[in-house]
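Please read the structure below before turning to the comments.
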Amino acid sequence: MFDISTDLKKIYLVIGLGKSGYWAAKFLKSKRLRVFVFEENNNDQLKIYKKELENLGIEVFLNMSFKFDLISPLIKDLECVILSPAIHIQDQTVIKLQEAGIKVTGEINIGWNYLKDINWVGITGTNGKTTVTHLLSHILCQNNLNAPSAGNIGIPICKYAYEQNNKNNNKDIDWIIAEISSFQIEIANKIKPKIGIWTTFTPDHLDRHKTLENYFNLKNNLLRESKIRIYNYDDKYLKKHAAKLAKGIWVSTENNNKTKKFCNYWIDKNGYIVEKGEILFKSSIFKLKGDHNIQNLLLATAAARIIGIERENIKESLKNFKQLPHRFEPVFKSQNILVINDSKATNFDSSIAGIKSLNGKQVLIAGGRIKNGDSDLWSKTILDKCEGVFLYGESAELLKKILKKNGFKENIFIYKKLKDLISDALNFLEENESKVLLFSPSCSSFDQFRNYEERGNSFKYYINQKLKK
């Protein structure tokens with residue numbers, strides 16, 4: 001199956017041909033290494049990647065599962081296996097490779113080893129990490145620093161490693177602003193950012209991490225390895241377990257004596273951001289709604305100040321900040337209604353934050369593959385803020401039961417697919433007092449979509465079909 005006789009170089013085997021696998025393979029090849037890629041799927045995009053990589057001399061195998069018996073013919077020639085973040089570190093094939101003496105690592109580690117002399121900010125958390133990553137990168141870039149966002153936000157670290165290795169007039173990077181998920185931390189235990197940020201912590205991904213303690217410890221590993229740490233004091237779990245955390249900087253939206261004593265950054269009674277007693281600027285200049293987004297602003301501001309950005313320059317950079325798609329994204333607005341795409345709300349807590357941030361009654365669309373979390377608080381928030389709920393997909397019946405158990409008994413509608421409910425949801429909006437239709441799924445997308453981006457784009461397409469004719 002494999003021609004391994006013509007090259008004496010050891011093999012670097014990349015598992016998975018998504019963005020991270022593509023850039024890991026391309027970077028490793030640029031270092032004149034011998035690279036193989038295994039990908040279990042086969043579609044048009046993968047065929048494009050395959051052709052591009054093969055033109056560079058990389059051997060790519062589609063329809064190739066991550067199984068030890070398929071890899072074993074290469075064992076004596078293997079130097080390293082680079083895993084997709086989707087593969088658990090306790091996968092049986094991973095364990096067998098390690099028992100055979102093969103180094104197993106992740107794409108983010110490959111990038112770190114090459115770029116570790118650059119300043120890093122590592123950002124993790126259950127919710128908010130993408131917004132903080134994007135916001136901090138924006139602030140720094142607006143202030144003449146080359147500070148690209150990378151990692152779980154969708155731009156692999158190895159892309160920047162490749163570009164720095166093949167400069168071609170590329171500017172040196174000043175800071176890497178890396179969003180790092182628990183899946184990546186699992187195998188990225190050597191990453192030591194200059195600044196670590198922990199946004200929030202609530203139950204998530206427990207199908208993978210098994211216990212809340214395991215999930216907490218993974219996140220905490222990144223902060224423990226960071227030189228400077230920034231935490232969110234508004235997060236109940238982080239606040240409760242502050243004694244377990246390494247010493248750091250704390251931020252809060254609250255304005256009370258305890259906050260002022262414990263935190264370095266807070267919001268005063270007039271809405272100003274305060275840094276150790278000194279007023280910086282009014283938080284209302286930041287246009288994203290909700291307390292959760294003010295928390296994100298505080299975290300990014302604290303990091304920017306540590307890096308050396310003046311308060312007026314931070315303030316100016318906020319004026320042209322634009323949120324990423326699928327995060328409380330307005331997709332239609334008229335005098336009568338507002339339609340919001342919050343497809344990134346993949347768990348109960350992120351959905352609660354979005355629902356709470358809106359004034360007045362709203363109509364909610366939710367559904368997908370249910371995850372762990374506080375479904376009772378989610379239901380009670382809906383009871384207080386929503387006039388009707390349209391549910392779809394795998395979790396629809398279960399979500400209906402949860403809502404009814406917590407007192408929301410009327411105006412619950414169930415559909416098989418997202419596209420099936422759009423007309424009825426818009427009609428309900430028109431017939432009732434609500435002015436806002438919020439798509440905040442509260443669940444993962446994997447019952448009907450590949451990811452939250454595809455789900456959000458589908459929602460926008462369905463809305464545009466109905467409202468922008």
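The way I read the labels, and the way they are meant: chains A, B, ... in the order of the structure tokens, residue 1 as the first residue of every chain, and ligand 1 as the first ligand shown, with later ones counted on from there.
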**Message:** So that I can check the surroundings of range 356-367 of chain A, please list as number ranges by chain every protein, DNA and RNA residue that reaches within 8 Å of it, counting only C-alpha atoms and ignoring chain neighbours fewer than 3 positions away.
**Reply:** A: 289-291, 352-353, 370, 381, 385-396, 399, 425, 429, 433-443
Using DSSP on the backbone coordinates, identify all residues within range 180-340 of chain A classified as strand (DSSP E); present the result as an mmCIF file with N, CA and C atoms, in the first residue's frame.
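And here's out_23.cif as it stands now:
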data_model
loop_
_atom_site.group_PDB
_atom_site.id
_atom_site.type_symbol
_atom_site.label_atom_id
_atom_site.label_comp_id
_atom_site.auth_asym_id
_atom_site.auth_seq_id
_atom_site.Cartn_x
_atom_site.Cartn_y
_atom_site.Cartn_z
ATOM 1 N N ILE A 195 0.519 35.483 28.132
ATOM 2 C CA ILE A 195 -0.729 35.861 28.815
ATOM 3 C C ILE A 195 -1.757 34.764 28.582
ATOM 4 N N GLY A 196 -2.398 34.308 29.648
ATOM 5 C CA GLY A 196 -3.496 33.349 29.549
ATOM 6 C C GLY A 196 -4.785 34.000 30.007
ATOM 7 N N ILE A 197 -5.879 33.759 29.279
ATOM 8 C CA ILE A 197 -7.191 34.326 29.628
ATOM 9 C C ILE A 197 -8.199 33.193 29.757
ATOM 10 N N TRP A 198 -8.940 33.186 30.867
ATOM 11 C CA TRP A 198 -10.006 32.193 31.085
ATOM 12 C C TRP A 198 -11.321 32.960 31.129
ATOM 13 N N ILE A 228 1.321 35.371 32.768
ATOM 14 C CA ILE A 228 0.352 36.301 33.350
ATOM 15 C C ILE A 228 -1.035 35.740 33.083
ATOM 16 N N ARG A 229 -1.922 35.799 34.079
ATOM 17 C CA ARG A 229 -3.242 35.167 33.952
ATOM 18 C C ARG A 229 -4.347 36.189 34.187
ATOM 19 N N ILE A 230 -5.409 36.077 33.376
ATOM 20 C CA ILE A 230 -6.567 36.966 33.513
ATOM 21 C C ILE A 230 -7.822 36.098 33.640
ATOM 22 N N TYR A 231 -8.633 36.357 34.674
ATOM 23 C CA TYR A 231 -9.826 35.554 34.953
ATOM 24 C C TYR A 231 -11.078 36.442 35.003
ATOM 25 N N ASN A 232 -12.225 35.805 34.785
ATOM 26 C CA ASN A 232 -13.526 36.474 34.825
ATOM 27 C C ASN A 232 -14.185 36.225 36.182
ATOM 28 N N ILE A 249 -4.921 38.288 37.367
ATOM 29 C CA ILE A 249 -5.709 39.517 37.270
ATOM 30 C C ILE A 249 -7.167 39.122 37.090
ATOM 31 N N TRP A 250 -8.066 39.775 37.827
ATOM 32 C CA TRP A 250 -9.489 39.452 37.757
ATOM 33 C C TRP A 250 -10.273 40.667 37.252
ATOM 34 N N VAL A 251 -11.339 40.390 36.486
ATOM 35 C CA VAL A 251 -12.212 41.451 35.973
ATOM 36 C C VAL A 251 -13.660 41.136 36.343
ATOM 37 N N SER A 252 -14.489 42.179 36.430
ATOM 38 C CA SER A 252 -15.899 41.985 36.778
ATOM 39 C C SER A 252 -16.745 43.150 36.270
ATOM 40 N N TYR A 265 -10.017 45.138 37.395
ATOM 41 C CA TYR A 265 -10.838 45.882 36.434
ATOM 42 C C TYR A 265 -12.302 45.637 36.768
ATOM 43 N N TRP A 266 -13.118 46.706 36.729
ATOM 44 C CA TRP A 266 -14.549 46.566 36.960
ATOM 45 C C TRP A 266 -15.280 47.700 36.261
ATOM 46 N N ILE A 267 -16.615 47.643 36.324
ATOM 47 C CA ILE A 267 -17.470 48.694 35.752
ATOM 48 C C ILE A 267 -18.065 49.501 36.901
ATOM 49 N N TYR A 272 -18.444 53.176 33.429
ATOM 50 C CA TYR A 272 -17.045 53.328 33.000
ATOM 51 C C TYR A 272 -16.215 52.104 33.398
ATOM 52 N N ILE A 273 -15.264 51.731 32.538
ATOM 53 C CA ILE A 273 -14.282 50.713 32.906
ATOM 54 C C ILE A 273 -13.257 51.350 33.827
ATOM 55 N N VAL A 274 -13.030 50.701 34.961
ATOM 56 C CA VAL A 274 -12.076 51.193 35.955
ATOM 57 C C VAL A 274 -10.916 50.215 36.056
ATOM 58 N N GLU A 275 -9.698 50.742 36.030
ATOM 59 C CA GLU A 275 -8.484 49.939 36.176
ATOM 60 C C GLU A 275 -7.789 50.338 37.467
ATOM 61 N N GLU A 278 -8.578 53.752 38.508
ATOM 62 C CA GLU A 278 -8.454 54.793 37.490
ATOM 63 C C GLU A 278 -9.452 54.555 36.360
ATOM 64 N N ILE A 279 -10.228 55.566 36.028
ATOM 65 C CA ILE A 279 -11.219 55.449 34.959
ATOM 66 C C ILE A 279 -10.520 55.387 33.596
ATOM 67 N N LEU A 280 -10.934 54.401 32.771
ATOM 68 C CA LEU A 280 -10.372 54.265 31.427
ATOM 69 C C LEU A 280 -11.282 54.898 30.376
ATOM 70 N N PHE A 281 -12.456 54.315 30.161
ATOM 71 C CA PHE A 281 -13.410 54.849 29.179
ATOM 72 C C PHE A 281 -14.763 54.189 29.430
ATOM 73 N N LYS A 282 -15.802 54.739 28.815
ATOM 74 C CA LYS A 282 -17.153 54.235 29.028
ATOM 75 C C LYS A 282 -17.361 52.936 28.251
ATOM 76 N N GLU A 329 -25.746 37.887 15.483
ATOM 77 C CA GLU A 329 -25.615 38.602 14.214
ATOM 78 C C GLU A 329 -26.986 39.031 13.679
ATOM 79 N N PRO A 330 -27.258 40.327 13.590
ATOM 80 C CA PRO A 330 -28.525 40.751 12.973
ATOM 81 C C PRO A 330 -28.535 40.385 11.485
ATOM 82 N N VAL A 331 -29.589 39.671 11.052
ATOM 83 C CA VAL A 331 -29.651 39.271 9.642
ATOM 84 C C VAL A 331 -30.807 39.940 8.901
ATOM 85 N N PHE A 332 -31.743 40.513 9.653
ATOM 86 C CA PHE A 332 -32.829 41.280 9.041
ATOM 87 C C PHE A 332 -33.369 42.269 10.065
ATOM 88 N N LYS A 333 -33.576 43.516 9.611
ATOM 89 C CA LYS A 333 -34.117 44.539 10.508
ATOM 90 C C LYS A 333 -35.054 45.436 9.728
ATOM 91 N N LEU A 338 -36.820 42.365 14.221
ATOM 92 C CA LEU A 338 -35.383 42.135 14.168
ATOM 93 C C LEU A 338 -35.160 40.633 14.224
ATOM 94 N N VAL A 339 -34.372 40.103 13.287
ATOM 95 C CA VAL A 339 -34.037 38.678 13.263
ATOM 96 C C VAL A 339 -32.546 38.539 13.542
ATOM 97 N N ILE A 340 -32.207 37.697 14.538
ATOM 98 C CA ILE A 340 -30.815 37.546 14.981
ATOM 99 C C ILE A 340 -30.364 36.105 14.818
#
**Request:** Identify all residues of range 80-153 of chain A in helix (DSSP H, G or I) (DSSP on the backbone) and supply them as a ChimeraX atom specification.
**Result:** /A:92-99,107-115,129-142
**Item:** Among listed residues A:Asp117, A:His292, A:Lys67, A:His209, nearest Ile95 in chain A (using only C-alpha atoms)
**Value:** A:Lys67
**Request:** Find the residues around His205 in chain A up to 10 Å (only C-alpha atoms counted), leave out those fewer than 5 positions away in its own chain, and share them as a ChimeraX atom specification.
**Result:** /A:126,182-183,210-212,215,347,371-373
**Request:** Could you give me, as number ranges by chain, the residues within 9 Å of Asn127 in chain A, counting only C-alpha atoms and dropping anything in the same chain fewer than 4 positions from it?
**Result:** A: 131, 199-202, 345, 347, 349-350
Residues of the last selection are to be written out with C-alpha atoms, as an mmCIF file, in the first residue's frame.
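Written file, result.cif:
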data_model
loop_
_atom_site.group_PDB
_atom_site.id
_atom_site.type_symbol
_atom_site.label_atom_id
_atom_site.label_comp_id
_atom_site.auth_asym_id
_atom_site.auth_seq_id
_atom_site.Cartn_x
_atom_site.Cartn_y
_atom_site.Cartn_z
ATOM 1 C CA THR A 131 -15.121 36.964 20.830
ATOM 2 C CA THR A 199 -13.373 33.568 29.957
ATOM 3 C CA THR A 200 -16.042 31.306 31.518
ATOM 4 C CA PHE A 201 -16.538 27.786 32.823
ATOM 5 C CA THR A 202 -19.733 25.721 32.652
ATOM 6 C CA ALA A 345 -24.820 29.454 20.965
ATOM 7 C CA ASN A 347 -24.961 25.215 24.798
ATOM 8 C CA ASP A 349 -25.257 28.977 29.002
ATOM 9 C CA SER A 350 -24.364 30.837 25.822
#
**Asked** Counting only C-alpha atoms, what is within 9 Å of Phe321 in chain A, bar same-chain residues fewer than 3 positions away, as a PyMOL selection string?
**Response** chain A and resi 135+138-139+286-287+317-318
Atoms kept (N, CA and C atoms) for selection, written as a PDB file, in the first residue's frame:
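Done, and the output landed in result_39.pdb:
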ATOM      1  N   LEU A 135     -11.583  40.180  19.402  1.00  0.00           N
ATOM      2  CA  LEU A 135     -11.539  41.558  19.896  1.00  0.00           C
ATOM      3  C   LEU A 135     -10.115  41.988  20.238  1.00  0.00           C
ATOM      4  N   HIS A 138      -8.091  42.496  17.169  1.00  0.00           N
ATOM      5  CA  HIS A 138      -8.504  43.746  16.525  1.00  0.00           C
ATOM      6  C   HIS A 138      -7.867  44.960  17.205  1.00  0.00           C
ATOM      7  N   ILE A 139      -7.917  44.999  18.526  1.00  0.00           N
ATOM      8  CA  ILE A 139      -7.356  46.136  19.266  1.00  0.00           C
ATOM      9  C   ILE A 139      -5.863  46.277  18.972  1.00  0.00           C
ATOM     10  N   PHE A 286     -18.604  50.134  23.333  1.00  0.00           N
ATOM     11  CA  PHE A 286     -18.577  48.788  22.749  1.00  0.00           C
ATOM     12  C   PHE A 286     -20.002  48.409  22.376  1.00  0.00           C
ATOM     13  N   LYS A 287     -20.251  48.124  21.121  1.00  0.00           N
ATOM     14  CA  LYS A 287     -21.621  48.007  20.608  1.00  0.00           C
ATOM     15  C   LYS A 287     -22.271  46.639  20.821  1.00  0.00           C
ATOM     16  N   SER A 317     -10.094  52.060  18.976  1.00  0.00           N
ATOM     17  CA  SER A 317     -10.141  50.816  18.200  1.00  0.00           C
ATOM     18  C   SER A 317     -11.498  50.116  18.315  1.00  0.00           C
ATOM     19  N   LEU A 318     -12.224  50.378  19.403  1.00  0.00           N
ATOM     20  CA  LEU A 318     -13.543  49.745  19.588  1.00  0.00           C
ATOM     21  C   LEU A 318     -14.587  50.307  18.635  1.00  0.00           C
TER      22      LEU A 318
END
**Message:** Residues within 10 Å of Ile309 in chain A, please, as a list in words. Count only C-alpha atoms; anything in the same chain fewer than 6 positions from it doesn't count.
**Reply:** Ile139, Leu140, Asn143, Thr301, Ala302 and Ala303 of chain A
Residues just named, written with C-alpha atoms as a JSON list (two decimals), in the first residue's frame:
[["chain", "number", "residue", "atom", "x", "y", "z"],
["A", 139, "ILE", "CA", -7.36, 46.14, 19.27],
["A", 140, "LEU", "CA", -3.70, 45.24, 18.81],
["A", 143, "ASN", "CA", -2.51, 49.91, 17.18],
["A", 301, "THR", "CA", -8.95, 45.44, 27.73],
["A", 302, "ALA", "CA", -6.95, 43.95, 30.60],
["A", 303, "ALA", "CA", -4.75, 42.05, 28.14]]
**Prompt:** For Leu83 in chain A, which of A:Gly151, A:Gly106, A:Gly21, A:Gly57 is the closest residue, counting only C-alpha atoms?
**Reply:** A:Gly106
**Prompt:** For Gln184 in chain A, which residue out of A:Asp204, A:Glu107, A:Asp424, A:Glu310 is the nearest one, using only C-alpha atoms?
**Reply:** A:Glu107
**Request:** Determine, counting only C-alpha atoms, which protein, DNA and RNA residues have an atom within 12 Å of an atom of Gln45 in chain A; residues of the same chain fewer than 5 positions away are not included. Present the result as a ChimeraX atom specification.
**Result:** /A:17-19,22,50-52,62
Using only N, CA and C atoms, please write the residues we just selected to a file, as an mmCIF file, in the first residue's frame.
data_model
loop_
_atom_site.group_PDB
_atom_site.id
_atom_site.type_symbol
_atom_site.label_atom_id
_atom_site.label_comp_id
_atom_site.auth_asym_id
_atom_site.auth_seq_id
_atom_site.Cartn_x
_atom_site.Cartn_y
_atom_site.Cartn_z
ATOM 1 N N LEU A 17 -7.627 15.835 7.389
ATOM 2 C CA LEU A 17 -7.306 16.824 6.356
ATOM 3 C C LEU A 17 -8.289 17.986 6.391
ATOM 4 N N GLY A 18 -8.630 18.424 7.597
ATOM 5 C CA GLY A 18 -9.325 19.690 7.735
ATOM 6 C C GLY A 18 -8.304 20.812 7.619
ATOM 7 N N LYS A 19 -8.682 22.006 8.040
ATOM 8 C CA LYS A 19 -7.765 23.144 7.939
ATOM 9 C C LYS A 19 -6.475 22.904 8.715
ATOM 10 N N TYR A 22 -4.305 20.257 7.003
ATOM 11 C CA TYR A 22 -3.760 20.792 5.755
ATOM 12 C C TYR A 22 -2.533 21.659 6.030
ATOM 13 N N LYS A 50 -5.997 17.438 -1.332
ATOM 14 C CA LYS A 50 -5.133 16.308 -1.709
ATOM 15 C C LYS A 50 -4.253 16.669 -2.904
ATOM 16 N N LYS A 51 -4.856 17.262 -3.918
ATOM 17 C CA LYS A 51 -4.099 17.620 -5.117
ATOM 18 C C LYS A 51 -3.029 18.662 -4.801
ATOM 19 N N GLU A 52 -3.393 19.670 -4.009
ATOM 20 C CA GLU A 52 -2.435 20.722 -3.646
ATOM 21 C C GLU A 52 -1.247 20.148 -2.882
ATOM 22 N N LEU A 62 -6.997 9.394 1.124
ATOM 23 C CA LEU A 62 -8.386 9.600 1.521
ATOM 24 C C LEU A 62 -9.034 8.248 1.792
#
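Our summary of the geometry notes that CA of Lys129 in chain A is positioned 14.6 Å from CA of Phe328 in chain A.
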